[in-house]
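Asks: My file is model22.tsv. It has TSV, C-alpha atoms:
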```
chain	number	residue	atom	x	y	z
Q	1077	MET	CA	0.00	0.00	0.00
Q	1078	GLY	CA	2.79	2.39	0.96
Q	1079	ASP	CA	4.55	1.32	-2.21
Q	1080	ASP	CA	1.56	2.40	-4.35
Q	1081	HIS	CA	1.47	5.83	-2.77
Q	1082	ASP	CA	5.04	6.40	-3.85
Q	1083	LYS	CA	3.89	6.28	-7.45
Q	1084	LEU	CA	1.23	8.94	-6.93
Q	1085	LEU	CA	1.27	12.62	-6.10
Q	1086	PRO	CA	-0.29	13.26	-2.68
Q	1087	VAL	CA	-4.07	13.52	-2.98
Q	1088	ALA	CA	-4.20	16.44	-0.53
Q	1089	ASN	CA	-1.94	18.55	-2.76
Q	1090	VAL	CA	-3.87	17.55	-5.88
Q	1091	GLY	CA	-7.16	18.43	-4.15
Q	1092	ARG	CA	-5.81	21.82	-3.15
Q	1093	ILE	CA	-4.89	22.71	-6.74
Q	1094	MET	CA	-8.33	21.57	-7.90
Q	1095	LYS	CA	-10.05	23.72	-5.27
Q	1096	LEU	CA	-8.07	26.80	-6.32
Q	1097	ILE	CA	-9.35	26.66	-9.87
Q	1098	LEU	CA	-13.01	25.95	-9.05
Q	1099	PRO	CA	-15.69	28.35	-7.75
Q	1100	PRO	CA	-15.74	28.52	-3.94
Q	1101	THR	CA	-19.11	26.76	-3.71
Q	1102	ALA	CA	-18.00	23.82	-5.86
Q	1103	LYS	CA	-17.72	20.39	-4.24
Q	1104	ILE	CA	-15.35	17.62	-5.27
Q	1105	SER	CA	-16.04	13.97	-4.55
Q	1106	LYS	CA	-13.25	11.91	-2.97
Q	1107	GLU	CA	-13.27	9.59	-5.99
Q	1108	ALA	CA	-12.88	12.52	-8.38
Q	1109	LYS	CA	-9.83	13.76	-6.44
Q	1110	GLU	CA	-8.31	10.28	-6.55
Q	1111	THR	CA	-8.97	10.02	-10.27
Q	1112	VAL	CA	-7.27	13.35	-10.95
Q	1113	GLN	CA	-4.43	12.23	-8.67
Q	1114	GLU	CA	-3.93	9.12	-10.80
Q	1115	CYS	CA	-4.19	11.12	-14.03
Q	1116	ALA	CA	-1.60	13.66	-12.86
Q	1117	SER	CA	0.81	10.90	-11.88
Q	1118	GLU	CA	0.26	9.21	-15.24
Q	1119	PHE	CA	0.91	12.54	-16.96
Q	1120	LEU	CA	4.20	12.79	-15.11
Q	1121	SER	CA	5.28	9.29	-16.19
Q	1122	PHE	CA	4.08	9.86	-19.75
Q	1123	VAL	CA	6.04	13.07	-20.25
Q	1124	THR	CA	9.11	11.73	-18.44
Q	1125	GLY	CA	9.14	8.72	-20.77
Q	1126	GLU	CA	9.15	10.97	-23.81
Q	1127	ALA	CA	11.87	13.22	-22.37
Q	1128	SER	CA	13.95	10.19	-21.39
Q	1129	ASP	CA	13.67	8.71	-24.91
Q	1130	LYS	CA	15.06	11.95	-26.33
Q	1131	CYS	CA	18.00	11.84	-23.92
Q	1132	GLN	CA	18.71	8.24	-24.86
Q	1133	LYS	CA	18.70	9.04	-28.58
Q	1134	GLU	CA	21.10	11.92	-27.96
Q	1135	ASN	CA	23.32	9.79	-25.70
Q	1136	ARG	CA	22.73	11.98	-22.67
Q	1137	LYS	CA	22.30	10.60	-19.17
Q	1138	THR	CA	20.51	13.47	-17.47
Q	1139	VAL	CA	16.93	14.51	-18.10
Q	1140	ASN	CA	16.81	18.30	-17.71
Q	1141	GLY	CA	14.22	21.07	-17.81
Q	1142	ASP	CA	14.66	21.66	-21.55
Q	1143	ASP	CA	13.94	17.99	-22.27
Q	1144	ILE	CA	10.68	18.26	-20.35
Q	1145	CYS	CA	9.72	21.43	-22.26
Q	1146	TRP	CA	10.42	19.63	-25.52
Q	1147	ALA	CA	8.49	16.52	-24.44
Q	1148	LEU	CA	5.46	18.62	-23.48
Q	1149	GLY	CA	5.44	20.20	-26.95
Q	1150	SER	CA	5.99	16.87	-28.65
Q	1151	LEU	CA	3.00	15.29	-26.87
Q	1152	GLY	CA	0.63	18.12	-27.77
Q	1153	PHE	CA	0.86	20.21	-24.59
Q	1154	ASP	CA	2.06	23.33	-26.45
Q	1155	GLU	CA	0.65	25.86	-23.99
Q	1156	TYR	CA	2.29	24.11	-21.04
Q	1157	SER	CA	5.55	23.98	-22.96
Q	1158	GLN	CA	5.53	27.74	-23.54
Q	1159	ALA	CA	4.60	28.49	-19.93
Q	1160	ILE	CA	7.36	26.18	-18.68
Q	1161	VAL	CA	9.98	27.80	-20.92
Q	1162	ARG	CA	9.21	31.13	-19.22
Q	1163	TYR	CA	9.15	29.48	-15.78
Q	1164	LEU	CA	12.48	27.79	-16.41
Q	1165	HIS	CA	14.00	31.07	-17.57
Q	1166	LYS	CA	12.91	32.78	-14.33
Q	1167	TYR	CA	14.28	29.91	-12.27
Q	1168	ARG	CA	17.67	29.96	-14.02
Q	1169	GLU	CA	17.91	33.72	-13.61
Q	1170	SER	CA	17.19	33.47	-9.89
Q	1171	GLU	CA	19.75	30.65	-9.57
Q	1172	LYS	CA	22.37	32.87	-11.23
Q	1173	GLU	CA	21.52	35.68	-8.85
Q	1174	ARG	CA	21.73	33.34	-5.89
Q	1175	ALA	CA	25.13	32.03	-7.00
Q	1176	ALA	CA	26.39	35.56	-7.66
Q	1177	ALA	CA	25.17	36.73	-4.26
Q	1178	SER	CA	26.85	33.79	-2.57
Q	1179	PHE	CA	30.05	34.44	-4.54
Q	1180	SER	CA	30.10	38.15	-3.82
Q	1181	SER	CA	29.51	37.60	-0.12
Q	1182	SER	CA	32.36	35.09	-0.15
Q	1183	ALA	CA	34.49	37.58	-2.10
Q	1184	THR	CA	33.76	40.17	0.57
Q	1185	LEU	CA	35.03	37.74	3.15
Q	1186	VAL	CA	38.29	37.44	1.18
Q	1187	SER	CA	38.78	41.18	0.65
Q	1188	ASN	CA	38.16	41.75	4.36
Q	1189	HIS	CA	40.81	39.13	5.12
Q	1190	ILE	CA	38.33	36.92	6.89
Q	1191	ILE	CA	39.04	33.93	4.63
Q	1192	SER	CA	41.86	33.15	2.21
Q	1193	PRO	CA	41.27	32.75	-1.58
Q	1194	SER	CA	41.70	28.96	-1.32
Q	1195	GLU	CA	39.11	28.83	1.42
Q	1196	LEU	CA	36.85	30.85	-0.91
Q	1197	THR	CA	36.86	28.06	-3.55
Q	1198	SER	CA	35.83	25.38	-1.09
Q	1199	HIS	CA	33.25	27.75	0.43
Q	1200	VAL	CA	31.54	28.32	-2.94
Q	1201	GLU	CA	31.75	24.61	-3.90
Q	1202	LYS	CA	30.24	23.61	-0.55
Q	1203	GLY	CA	27.33	25.97	-1.15
Q	1204	GLU	CA	26.65	24.51	-4.62
Q	1205	SER	CA	27.03	20.85	-3.66
Q	1206	SER	CA	24.80	21.11	-0.61
Q	1207	HIS	CA	22.11	22.41	-2.94
Q	1208	ARG	CA	22.61	19.60	-5.42
Q	1209	ASN	CA	22.76	16.89	-2.77
Q	1210	ARG	CA	19.40	17.92	-1.35
Q	1211	LEU	CA	17.82	16.83	-4.60
G	116	MET	CA	14.34	23.09	15.81
G	117	ARG	CA	16.14	22.46	12.53
G	118	GLN	CA	17.90	25.30	10.76
G	119	ALA	CA	16.43	26.21	7.40
G	120	GLY	CA	18.82	24.98	4.68
G	121	THR	CA	19.41	26.19	1.15
G	122	TYR	CA	16.93	23.75	-0.30
G	123	SER	CA	14.10	24.29	2.17
G	124	GLY	CA	13.99	27.86	0.92
G	125	ILE	CA	13.12	26.60	-2.52
G	126	LEU	CA	10.60	24.08	-1.18
G	127	SER	CA	8.76	26.65	0.89
G	128	GLY	CA	9.03	29.09	-1.98
G	129	GLY	CA	11.40	31.37	-0.12
G	130	GLY	CA	14.33	31.65	-2.51
G	131	ILE	CA	12.54	31.83	-5.83
G	132	SER	CA	8.92	32.35	-4.81
G	133	GLY	CA	9.17	35.99	-5.77
G	134	LYS	CA	10.09	34.94	-9.28
G	135	THR	CA	8.40	31.61	-9.82
G	136	GLY	CA	5.71	31.25	-7.15
G	137	PRO	CA	5.38	28.73	-4.30
G	138	HIS	CA	5.32	25.00	-5.08
G	139	LEU	CA	2.06	23.15	-4.57
G	140	LEU	CA	3.52	19.69	-5.19
G	141	PRO	CA	6.37	17.93	-3.32
G	142	LEU	CA	9.52	17.86	-5.44
G	143	ALA	CA	10.86	14.67	-3.84
G	144	ARG	CA	7.73	12.73	-4.77
G	145	ILE	CA	7.86	14.07	-8.32
G	146	LYS	CA	11.44	12.87	-8.60
G	147	LYS	CA	10.44	9.41	-7.33
G	148	ILE	CA	7.66	9.10	-9.89
G	149	MET	CA	10.01	10.21	-12.66
G	150	LYS	CA	12.55	7.56	-11.71
G	151	LYS	CA	9.91	4.84	-11.58
G	152	SER	CA	8.46	5.80	-14.96
G	153	SER	CA	11.18	3.98	-16.86
G	154	VAL	CA	14.37	2.00	-16.24
G	155	ASP	CA	16.02	4.29	-18.79
G	156	VAL	CA	15.70	7.31	-16.51
G	157	LYS	CA	19.09	7.38	-14.86
G	158	MET	CA	19.77	10.93	-13.79
G	159	ILE	CA	17.48	13.87	-13.29
G	160	SER	CA	18.70	17.45	-13.19
G	161	GLY	CA	17.85	19.61	-10.19
G	162	GLU	CA	15.49	21.78	-12.20
G	163	ALA	CA	13.47	18.88	-13.67
G	164	PRO	CA	11.17	18.21	-10.65
G	165	LEU	CA	10.71	21.97	-10.32
G	166	VAL	CA	9.62	22.26	-13.94
G	167	PHE	CA	7.31	19.31	-13.49
G	168	SER	CA	5.67	20.78	-10.40
G	169	LYS	CA	4.55	23.66	-12.60
G	170	ALA	CA	3.56	21.40	-15.51
G	171	CYS	CA	1.51	19.11	-13.23
G	172	GLU	CA	-0.19	22.15	-11.73
G	173	LEU	CA	-1.20	23.32	-15.21
G	174	PHE	CA	-2.36	19.82	-16.08
G	175	ILE	CA	-4.48	19.43	-12.93
G	176	GLU	CA	-5.98	22.89	-13.51
G	177	GLU	CA	-6.94	22.09	-17.10
G	178	LEU	CA	-8.35	18.66	-16.28
G	179	THR	CA	-10.33	20.12	-13.38
G	180	LYS	CA	-11.73	22.98	-15.47
G	181	ARG	CA	-12.83	20.63	-18.23
G	182	SER	CA	-14.31	18.19	-15.71
G	183	TRP	CA	-16.20	21.01	-14.05
G	184	ASN	CA	-17.72	21.95	-17.42
G	185	MET	CA	-19.19	18.44	-17.50
G	186	THR	CA	-20.51	18.88	-13.97
G	187	ILE	CA	-22.19	22.14	-14.95
G	188	GLN	CA	-23.69	20.54	-18.06
G	189	GLY	CA	-25.23	17.93	-15.78
G	190	LYS	CA	-26.62	20.79	-13.64
G	191	ARG	CA	-24.72	19.60	-10.58
G	192	ARG	CA	-22.40	21.28	-8.08
G	193	THR	CA	-20.31	18.26	-7.11
G	194	LEU	CA	-17.51	17.17	-9.40
G	195	HIS	CA	-17.64	13.40	-9.79
G	196	LYS	CA	-15.28	10.80	-11.22
G	197	GLU	CA	-17.59	10.47	-14.25
G	198	ASP	CA	-17.06	14.15	-15.06
G	199	VAL	CA	-13.31	13.56	-15.14
G	200	ALA	CA	-13.84	10.54	-17.42
G	201	SER	CA	-16.03	12.63	-19.75
G	202	ALA	CA	-13.45	15.41	-19.88
G	203	VAL	CA	-10.72	12.91	-20.76
G	204	ALA	CA	-12.84	11.38	-23.52
G	205	ALA	CA	-13.63	14.82	-24.97
G	206	THR	CA	-10.01	16.03	-25.08
G	207	ASP	CA	-7.61	14.67	-27.71
G	208	VAL	CA	-4.49	15.52	-25.78
G	209	PHE	CA	-5.76	13.45	-22.83
G	210	ASP	CA	-6.00	10.27	-24.92
G	211	PHE	CA	-3.20	8.66	-22.91
G	212	LEU	CA	-5.57	8.68	-19.92
G	213	ILE	CA	-8.45	6.83	-21.58
G	214	ASP	CA	-7.49	3.45	-20.13
G	215	LEU	CA	-6.99	4.94	-16.69
G	216	VAL	CA	-10.46	6.49	-16.44
G	217	HIS	CA	-12.32	3.97	-18.61
G	218	PRO	CA	-10.75	0.58	-17.95
G	219	ASN	CA	-13.47	-1.22	-19.90
G	220	ALA	CA	-13.54	1.21	-22.85
G	221	ALA	CA	-14.15	-0.65	-26.09
G	222	SER	CA	-13.80	2.35	-28.41
G	223	HIS	CA	-10.03	2.05	-28.74
G	224	LEU	CA	-10.13	-1.68	-29.43
G	225	ASP	CA	-9.91	-3.08	-32.93
G	226	PRO	CA	-13.46	-4.07	-33.96
G	227	ASN	CA	-11.97	-7.19	-35.53
G	228	GLU	CA	-10.68	-8.46	-32.18
G	229	ASP	CA	-12.77	-11.17	-30.55
G	230	ASP	CA	-14.21	-11.36	-27.03
G	231	SER	CA	-11.33	-13.38	-25.62
G	232	THR	CA	-9.00	-10.42	-26.25
G	233	ILE	CA	-11.34	-8.05	-24.40
G	234	GLU	CA	-11.40	-10.40	-21.40
G	235	LYS	CA	-7.61	-10.53	-21.37
G	236	ASN	CA	-7.44	-6.72	-21.24
G	237	LEU	CA	-9.67	-6.70	-18.15
```
Could you quickly redo this structure as structure tokens?
Replies:
Amino acid sequence: MGDDHDKLLPVANVGRIMKLILPPTAKISKEAKETVQECASEFLSFVTGEASDKCQKENRKTVNGDDICWALGSLGFDEYSQAIVRYLHKYRESEKERAAASFSSSATLVSNHIISPSELTSHVEKGESSHRNRL
Amino acid sequence: MRQAGTYSGILSGGGISGKTGPHLLPLARIKKIMKKSSVDVKMISGEAPLVFSKACELFIEELTKRSWNMTIQGKRRTLHKEDVASAVAATDVFDFLIDLVHPNAASHLDPNEDDSTIEKNL
């Protein structure tokens, strides 16, 4: 039973998204929420499969955001694909800003003689890897 | 109490919420589902579950809106499973869901197939 739940998005989260888009007086049956939950999880697998196929054909090991955008377009979800391209752009911009902020704060530490330049390298790397490892 | 880490900021929408909005779906679960979708999926970039959280949100919104249209047509105020099934059947791009919502659907079967094949599919 626990194993099955791993393959599905949590029904509470799915239900919340459904509620947000419906009028406030609308009611949703438990079965309907579960059906949408299954559909959303199937959507995820479906698009991932397409993105993964593309990576395989191009001899790449990592499925990235661009592959998902492409897969969405390829499967007929053009509007999602366009929205995701914008979303991804915003995310990458904010990641650059975050990295730059972290670098400049580390650089300040060096110029104020608080850490040495070699310590700076490991400081920046630590920041990046702890982010990656969390995923 | 645990200290907030770099990643929890993203999860709670702290770091990038100003730019990309808070996340309504858990990224770790999304990653798990992606990995289970195929043995070929080996590595997933950090941004992939994030992108999918948005895509799934859009998908759930569209499916819900279309299902609700069916509910309204039936002059009801409670969205039922049948409304979701009707929405799926009425939308080309949701064809991959037909078997999920209509396990006994005969429309996609070859009319030349005999009954024994239909039983096998059940």
Asks: Counting only C-alpha atoms, give me one row per residue of chain Q with an atom at most 7 Å from an atom of chain G, showing the shortest contact pair and its distance in Å to one decimal, sorted by chain then residue number, as CSV.
Replies:
```
residue,atom,partner,partner_atom,distance
Q:Asp1082,CA,G:Arg144,CA,6.9
Q:Lys1083,CA,G:Ile148,CA,5.3
Q:Leu1085,CA,G:Arg144,CA,6.6
Q:Asn1089,CA,G:Leu140,CA,6.1
Q:Ile1093,CA,G:Glu176,CA,6.9
Q:Met1094,CA,G:Thr179,CA,6.0
Q:Ile1097,CA,G:Glu176,CA,6.2
Q:Ala1102,CA,G:Arg192,CA,5.5
Q:Lys1103,CA,G:Thr193,CA,4.4
Q:Ile1104,CA,G:Leu194,CA,4.7
Q:Ser1105,CA,G:His195,CA,5.5
Q:Glu1107,CA,G:Lys196,CA,5.7
Q:Ala1108,CA,G:Lys196,CA,4.1
Q:Thr1111,CA,G:Lys196,CA,6.4
Q:Val1112,CA,G:Ile175,CA,7.0
Q:Cys1115,CA,G:Leu212,CA,6.5
Q:Ala1116,CA,G:Cys171,CA,6.3
Q:Leu1120,CA,G:Met149,CA,6.8
Q:Ser1121,CA,G:Ser152,CA,4.9
Q:Thr1124,CA,G:Met149,CA,6.0
Q:Gly1125,CA,G:Ser153,CA,6.5
Q:Ser1128,CA,G:Val156,CA,5.9
Q:Lys1137,CA,G:Met158,CA,6.0
Q:Thr1138,CA,G:Met158,CA,4.5
Q:Val1139,CA,G:Ile159,CA,4.9
Q:Asn1140,CA,G:Ser160,CA,5.0
Q:Gly1141,CA,G:Ala163,CA,4.7
Q:Gly1152,CA,G:Val208,CA,6.1
Q:Tyr1156,CA,G:Ala170,CA,6.3
Q:Ile1160,CA,G:Val166,CA,6.6
Q:Tyr1163,CA,G:Thr135,CA,6.4
Q:Leu1164,CA,G:Val166,CA,6.7
Q:Lys1166,CA,G:Lys134,CA,6.2
Q:Tyr1167,CA,G:Thr135,CA,6.6
Q:Ser1170,CA,G:Ile131,CA,6.4
Q:His1207,CA,G:Tyr122,CA,6.0
Q:Arg1208,CA,G:Gly161,CA,6.7
Q:Arg1210,CA,G:Tyr122,CA,6.4
Q:Leu1211,CA,G:Gly161,CA,6.2
```
Asks: Work out how far apart atom CA of Q:Asp1142 and atom CA of G:Ala202 are and give it in Å to one decimal.
Replies: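 These atoms are spaced 28.8 Å apart.
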Asks: Please report the interatomic distance between atom CA of Q:Gln1113 and atom CA of G:Gly189 in Å with one decimal.
Replies: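 Computing the Euclidean distance for atom CA of Q:Gln1113 and atom CA of G:Gly189 yields 22.7 Å.
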Asks: Figure out the distance between atom CA of Q:Lys1130 and atom CA of Q:Leu1151, please, to one decimal in Å.
Replies: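 Atom CA of Q:Lys1130 lies 12.5 Å from atom CA of Q:Leu1151.
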Asks: Is it possible to get the axis-aligned box enclosing stretch 1157-1160 of chain Q (all listed atoms, 8 Å extra per side) as AutoDock Vina command-line options, with centre and edge lengths in Å rounded to one decimal?
Replies:
```
--center_x 6.0 --center_y 26.2 --center_z -21.1 --size_x 18.8 --size_y 20.5 --size_z 20.9
```
Asks: From the list Q:Leu1148, Q:Arg1168, Q:Lys1106, Q:Leu1196, which residue is nearest Q:Ser1181 when using all atoms listed in the file?
Replies: Q:Leu1196
